[in-house]
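> This is the structure I have questions about; it appears just below.
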Amino acid sequence: MFIKISEQSSLYDHLEDKSVSEILQDINTEDQKVALAVQKAIPQIDKLVSMIVPRMKQGGRIFYMGAGTSGRLGVLDASEIPPTFGMPPTYIIGLIAGGERALRNPVENAEDNTNRGWEELLEHNINEKDTVIGIAASGTTPYVIGALQEARKHGILTGCITSNPDSPMAEAAEVPIEMIVGPEYVTGSSRMKSGTGQKMILNMISTAVMIQLGRVKGNKMVNMQLSNQKLVDRGTRMIIDELGLDYEHAKTLLLMNGSVKTAIDAYKSEHP
């Protein structure tokens with residue numbers, strides 16, 4: 001029987017009578033459970049990433065889909081891929097029920113539309129090389145479940161991240177990731193432990209995929225966008241470490257080539 005653990009009553013009560021220190025200590029105690037819950041889900045995360053990588057090497061994309069906090073976290077992770085790894089924004093795409101407006105404001109009934117998620121995927125010309133990852137703490141969001149069901153019918157790889165075991169969303173996905181963090185500190189407030197765990201798993205998925213696609217060298221973000229002086233400085237120091245050049249030479253080389261990787265490759269081709 002499906003039980004929404006994420007909706008069960010908090011282990012704490014009379015929160016309004018607690019001191020700020022007690023509240024913070026209690027929340028921290030609960031947060032420490034999240035990493036352990038994510039650790040238990042690693043086999044499924046591993047399975048999903050291992051299935052995504054060959055698809056992306058053939059030009060496939062990842063679509064994150066969610067509503068509310070879950071949707072926002074998907075959009076956040078997707079938006080950080082271009083600056084961190086230098087990939088175009090078309091490779092990992094975050095879709096949220098209710099569209100752009102829902103990033104800042106709740107959109108009434110948006111998550112209850114079973115058909116809209118698949119319609120949005122069709123607007124992006126979804127194909128069999130792509131992957132759809134549903135995100136919903138409850139595991140019951142119609143917008144996400146409908147999209148997963150249709151994607152799977154069309155031979156598209158599907159995964160999901162949920163905080164409840166044996167949920168309808170997990171049943172709809174080929175590779176379900178069940179991260180069981182228990183009841184929230186404020187009953188039902190899945191922006192807390194569930195949201196934290198979702199962020200951790202999304203970091204793991206996208207970072208592992210990007211490393212496997214060759215977007216990291218050693219432990220460095222050699223393809224990052226040079227969007228501010230801090231990142232230009234970081235990139236310059238990466239080149240110094242790799243090539244032993246002085247700072248100004250390394251910086252000039254970086255700015256001429258646009259990325260650490262391109263700069264290093266260009267220098268090595270000229271100085272074999």
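Simple scheme: letters A, B, ... for chains in structure tokens order, numbers from 1 for residues in each chain, numbers from 1 for ligands in the order shown.
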Write down as a VMD selection string the residues belonging to segment 7-244 of chain A that are assigned helix (DSSP H, G or I) by DSSP computed on the backbone.
chain A and resid 7 15 to 17 20 to 40 42 to 57 68 to 79 81 to 85 100 to 103 110 to 112 116 to 123 142 to 153 168 to 172 193 to 212 229 to 243
> Between atom CA of Val132 of chain A and atom CA of Gln58 of chain A, what distance in Å does the model show, to one decimal?
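Value for the atom CA of Val132 of chain A-atom CA of Gln58 of chain A distance: 15.8 Å.
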> Let's see if you can do this: from backbone DSSP, list all strand (DSSP E or B) residues in segment 77-240 of chain A, as a list in words.
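Listing strand (DSSP E or B) positions across segment 77-240 of chain A yields Ile92, Ile93, Gly94, Leu95, Ile96, Thr131, Val132, Ile133, Gly134, Ile135, Leu157, Thr158, Gly159, Cys160, Ile161, Thr162, Val175, Pro176, Ile177, Glu178, Lys217 and Lys220 of chain A.
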> May I have the residues from that selection written out with C-alpha atoms, as a PDB file, in the first residue's frame?

```
ATOM      1  CA  ILE A  92      19.818  19.881 -19.869  1.00  0.00           C
ATOM      2  CA  ILE A  93      16.422  21.565 -19.748  1.00  0.00           C
ATOM      3  CA  GLY A  94      14.256  22.263 -16.704  1.00  0.00           C
ATOM      4  CA  LEU A  95      10.482  22.325 -17.180  1.00  0.00           C
ATOM      5  CA  ILE A  96       8.183  23.494 -14.387  1.00  0.00           C
ATOM      6  CA  THR A 131      15.926  11.311 -20.963  1.00  0.00           C
ATOM      7  CA  VAL A 132      13.028  12.579 -18.850  1.00  0.00           C
ATOM      8  CA  ILE A 133      13.540  12.839 -15.081  1.00  0.00           C
ATOM      9  CA  GLY A 134      10.468  13.568 -12.989  1.00  0.00           C
ATOM     10  CA  ILE A 135      10.946  15.281  -9.628  1.00  0.00           C
ATOM     11  CA  LEU A 157      14.457   6.718 -20.946  1.00  0.00           C
ATOM     12  CA  THR A 158      12.640   7.877 -17.801  1.00  0.00           C
ATOM     13  CA  GLY A 159      13.781   8.374 -14.220  1.00  0.00           C
ATOM     14  CA  CYS A 160      12.355  10.079 -11.168  1.00  0.00           C
ATOM     15  CA  ILE A 161      13.288  11.428  -7.739  1.00  0.00           C
ATOM     16  CA  THR A 162      10.724  10.985  -4.968  1.00  0.00           C
ATOM     17  CA  VAL A 175      14.574   4.031 -13.135  1.00  0.00           C
ATOM     18  CA  PRO A 176      12.971   5.374  -9.939  1.00  0.00           C
ATOM     19  CA  ILE A 177      15.189   7.015  -7.326  1.00  0.00           C
ATOM     20  CA  GLU A 178      13.494   6.763  -3.941  1.00  0.00           C
ATOM     21  CA  LYS A 217      39.915  17.664 -16.702  1.00  0.00           C
ATOM     22  CA  LYS A 220      38.985  21.365 -12.926  1.00  0.00           C
TER      23      LYS A 220
END
```
> May I ask which of the residues A:Ile126, A:Val34, A:Ile240, A:Leu226 is the closest one to Gly59 of chain A, counting only C-alpha atoms?
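Answer, going by the shortest atom-to-atom distance: A:Ile126.
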> Find the residues near Ile201 of chain A: any atom within 8 Å, counting only C-alpha atoms, skip ones fewer than 4 places away on the same chain, and give them as number ranges by chain.
A: 38, 45, 197, 205
> Export N, CA and C atoms of the chosen residues as an mmCIF file, in the first residue's frame?

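Saved file again_12.cif follows:
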```
data_model
loop_
_atom_site.group_PDB
_atom_site.id
_atom_site.type_symbol
_atom_site.label_atom_id
_atom_site.label_comp_id
_atom_site.auth_asym_id
_atom_site.auth_seq_id
_atom_site.Cartn_x
_atom_site.Cartn_y
_atom_site.Cartn_z
ATOM 1 N N VAL A 38 20.158 9.793 0.696
ATOM 2 C CA VAL A 38 20.699 9.872 -0.664
ATOM 3 C C VAL A 38 21.697 8.740 -0.895
ATOM 4 N N ILE A 45 20.774 5.858 -8.703
ATOM 5 C CA ILE A 45 21.357 7.042 -9.361
ATOM 6 C C ILE A 45 22.421 6.583 -10.354
ATOM 7 N N GLY A 197 17.482 16.998 -0.460
ATOM 8 C CA GLY A 197 17.883 15.735 -1.078
ATOM 9 C C GLY A 197 17.776 15.770 -2.596
ATOM 10 N N ILE A 205 23.683 13.726 -10.488
ATOM 11 C CA ILE A 205 23.366 13.297 -11.854
ATOM 12 C C ILE A 205 24.082 14.173 -12.877
#
```
> Could you pull the residues within 12 Å of Gly182 of chain A, counting only C-alpha atoms, minus those fewer than 4 positions along the same chain, as a PDB file with C-alpha atoms, in the first residue's frame?

```
ATOM      1  CA  ILE A   3       1.892   5.675   2.070  1.00  0.00           C
ATOM      2  CA  LYS A   4       2.988   9.307   1.773  1.00  0.00           C
ATOM      3  CA  ILE A   5       5.780   9.385   4.354  1.00  0.00           C
ATOM      4  CA  SER A   6       6.578  12.931   3.229  1.00  0.00           C
ATOM      5  CA  GLU A   7       3.125  14.017   4.417  1.00  0.00           C
ATOM      6  CA  GLN A   8       3.235  12.303   7.815  1.00  0.00           C
ATOM      7  CA  SER A   9       3.169  14.380  10.985  1.00  0.00           C
ATOM      8  CA  SER A  10       6.445  15.963  12.080  1.00  0.00           C
ATOM      9  CA  LEU A  11       8.464  14.258  14.807  1.00  0.00           C
ATOM     10  CA  GLU A  30      16.671  16.379  10.549  1.00  0.00           C
ATOM     11  CA  ASP A  31      18.946  17.632   7.759  1.00  0.00           C
ATOM     12  CA  GLN A  32      21.629  15.164   8.808  1.00  0.00           C
ATOM     13  CA  LYS A  33      19.294  12.365   7.738  1.00  0.00           C
ATOM     14  CA  VAL A  34      19.269  13.586   4.131  1.00  0.00           C
ATOM     15  CA  LEU A  36      22.213   9.063   4.441  1.00  0.00           C
ATOM     16  CA  ALA A  37      18.938   8.760   2.527  1.00  0.00           C
ATOM     17  CA  ALA A 137       8.557  14.607  -3.259  1.00  0.00           C
ATOM     18  CA  SER A 138       5.011  13.212  -3.104  1.00  0.00           C
ATOM     19  CA  THR A 162      10.724  10.985  -4.968  1.00  0.00           C
ATOM     20  CA  SER A 163      10.575  10.908  -1.169  1.00  0.00           C
ATOM     21  CA  ASN A 164       7.979   8.150  -0.917  1.00  0.00           C
ATOM     22  CA  PRO A 165       8.383   4.425  -1.639  1.00  0.00           C
ATOM     23  CA  GLU A 178      13.494   6.763  -3.941  1.00  0.00           C
ATOM     24  CA  VAL A 186       7.134  21.429   9.442  1.00  0.00           C
ATOM     25  CA  THR A 187       4.591  18.773   8.487  1.00  0.00           C
ATOM     26  CA  GLY A 188       4.329  18.392   4.702  1.00  0.00           C
ATOM     27  CA  SER A 189       6.848  21.153   3.919  1.00  0.00           C
ATOM     28  CA  SER A 190       8.761  19.274   1.242  1.00  0.00           C
ATOM     29  CA  MET A 192      12.953  21.235   3.471  1.00  0.00           C
ATOM     30  CA  LYS A 193      14.532  17.737   3.633  1.00  0.00           C
ATOM     31  CA  SER A 194      13.000  16.548   0.373  1.00  0.00           C
ATOM     32  CA  GLY A 197      17.883  15.735  -1.078  1.00  0.00           C
TER      33      GLY A 197
END
```
> Tell me which protein, DNA and RNA residues are within 6 Å of Ala250 of chain A, counting only C-alpha atoms, leaving out same-chain ones fewer than 4 positions away, and put them as a PyMOL selection string.
chain A and resi 236+239+245
> At a cut-off of 7 Å, using only C-alpha atoms, what residues contact Thr69 of chain A? Leave out same-chain residues fewer than 3 positions from it and give the result as a ChimeraX atom specification.
/A:72-73,191,195
> Ile81 of chain A: which residues within 10 Å, counting only C-alpha atoms, same-chain residues fewer than 3 positions away excluded, as a PyMOL selection string?
chain A and resi 76-78+84-93+206-207+210+224-225
> Let me see the file: selected residues, N, CA and C atoms, as a PDB file, in the first residue's frame.

```
ATOM      1  N   LEU A  76      16.881  25.152 -11.688  1.00  0.00           N
ATOM      2  CA  LEU A  76      18.136  25.654 -11.125  1.00  0.00           C
ATOM      3  C   LEU A  76      19.319  24.807 -11.602  1.00  0.00           C
ATOM      4  N   ASP A  77      19.211  23.490 -11.467  1.00  0.00           N
ATOM      5  CA  ASP A  77      20.325  22.634 -11.864  1.00  0.00           C
ATOM      6  C   ASP A  77      20.619  22.779 -13.356  1.00  0.00           C
ATOM      7  N   ALA A  78      19.562  22.808 -14.167  1.00  0.00           N
ATOM      8  CA  ALA A  78      19.742  22.952 -15.617  1.00  0.00           C
ATOM      9  C   ALA A  78      20.431  24.272 -15.955  1.00  0.00           C
ATOM     10  N   THR A  84      28.964  26.369 -15.691  1.00  0.00           N
ATOM     11  CA  THR A  84      29.907  25.469 -15.025  1.00  0.00           C
ATOM     12  C   THR A  84      30.685  24.609 -16.012  1.00  0.00           C
ATOM     13  N   PHE A  85      29.995  24.095 -17.026  1.00  0.00           N
ATOM     14  CA  PHE A  85      30.616  23.113 -17.917  1.00  0.00           C
ATOM     15  C   PHE A  85      30.724  23.575 -19.363  1.00  0.00           C
ATOM     16  N   GLY A  86      30.267  24.793 -19.658  1.00  0.00           N
ATOM     17  CA  GLY A  86      30.386  25.321 -21.009  1.00  0.00           C
ATOM     18  C   GLY A  86      29.519  24.625 -22.036  1.00  0.00           C
ATOM     19  N   MET A  87      28.476  23.947 -21.580  1.00  0.00           N
ATOM     20  CA  MET A  87      27.556  23.275 -22.503  1.00  0.00           C
ATOM     21  C   MET A  87      26.435  24.242 -22.900  1.00  0.00           C
ATOM     22  N   PRO A  88      25.925  24.137 -24.122  1.00  0.00           N
ATOM     23  CA  PRO A  88      24.776  24.971 -24.501  1.00  0.00           C
ATOM     24  C   PRO A  88      23.578  24.681 -23.590  1.00  0.00           C
ATOM     25  N   PRO A  89      22.690  25.643 -23.403  1.00  0.00           N
ATOM     26  CA  PRO A  89      21.537  25.442 -22.513  1.00  0.00           C
ATOM     27  C   PRO A  89      20.504  24.458 -23.050  1.00  0.00           C
ATOM     28  N   THR A  90      20.748  23.917 -24.221  1.00  0.00           N
ATOM     29  CA  THR A  90      19.803  22.981 -24.836  1.00  0.00           C
ATOM     30  C   THR A  90      20.060  21.534 -24.426  1.00  0.00           C
ATOM     31  N   TYR A  91      21.112  21.266 -23.650  1.00  0.00           N
ATOM     32  CA  TYR A  91      21.461  19.885 -23.306  1.00  0.00           C
ATOM     33  C   TYR A  91      20.737  19.387 -22.059  1.00  0.00           C
ATOM     34  N   ILE A  92      20.594  20.233 -21.062  1.00  0.00           N
ATOM     35  CA  ILE A  92      19.818  19.881 -19.869  1.00  0.00           C
ATOM     36  C   ILE A  92      18.785  20.984 -19.682  1.00  0.00           C
ATOM     37  N   ILE A  93      17.520  20.599 -19.715  1.00  0.00           N
ATOM     38  CA  ILE A  93      16.422  21.565 -19.748  1.00  0.00           C
ATOM     39  C   ILE A  93      15.493  21.322 -18.568  1.00  0.00           C
ATOM     40  N   SER A 206      23.886  15.479 -12.786  1.00  0.00           N
ATOM     41  CA  SER A 206      24.434  16.367 -13.822  1.00  0.00           C
ATOM     42  C   SER A 206      25.956  16.410 -13.780  1.00  0.00           C
ATOM     43  N   THR A 207      26.543  16.418 -12.583  1.00  0.00           N
ATOM     44  CA  THR A 207      28.004  16.463 -12.482  1.00  0.00           C
ATOM     45  C   THR A 207      28.627  15.175 -13.011  1.00  0.00           C
ATOM     46  N   MET A 210      28.381  15.155 -16.804  1.00  0.00           N
ATOM     47  CA  MET A 210      29.307  16.086 -17.448  1.00  0.00           C
ATOM     48  C   MET A 210      30.754  15.584 -17.383  1.00  0.00           C
ATOM     49  N   MET A 224      34.323  25.958 -18.197  1.00  0.00           N
ATOM     50  CA  MET A 224      33.430  26.966 -17.604  1.00  0.00           C
ATOM     51  C   MET A 224      33.399  28.240 -18.441  1.00  0.00           C
ATOM     52  N   GLN A 225      32.266  28.944 -18.388  1.00  0.00           N
ATOM     53  CA  GLN A 225      32.134  30.227 -19.065  1.00  0.00           C
ATOM     54  C   GLN A 225      32.877  31.306 -18.277  1.00  0.00           C
TER      55      GLN A 225
END
```
> With distances taken over only C-alpha atoms, which of A:Arg116, A:Val260, A:Gly71, A:Leu122 is nearest to Glu100 of chain A?
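Ranked by minimum distance to Glu100 of chain A, first place goes to A:Gly71.
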> Do you have the atom CA of Met179 of chain A-atom CA of Asp112 of chain A distance handy?
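Pair atom CA of Met179 of chain A / atom CA of Asp112 of chain A returns 23.1 Å.
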> As an exercise, work out the distance from atom CA of Thr29 of chain A to atom CA of Leu103 of chain A in Å and give it to one decimal place.
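Distance between the two atoms: 29.0 Å.
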> Go through A:Glu80, A:Glu174, A:Glu242, A:Glu270 and flag the residue nearest Ile145 of chain A, using only C-alpha atoms for the distances.
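Going through A:Glu80, A:Glu174, A:Glu242, A:Glu270 one by one, the smallest distance to Ile145 of chain A is for A:Glu174.
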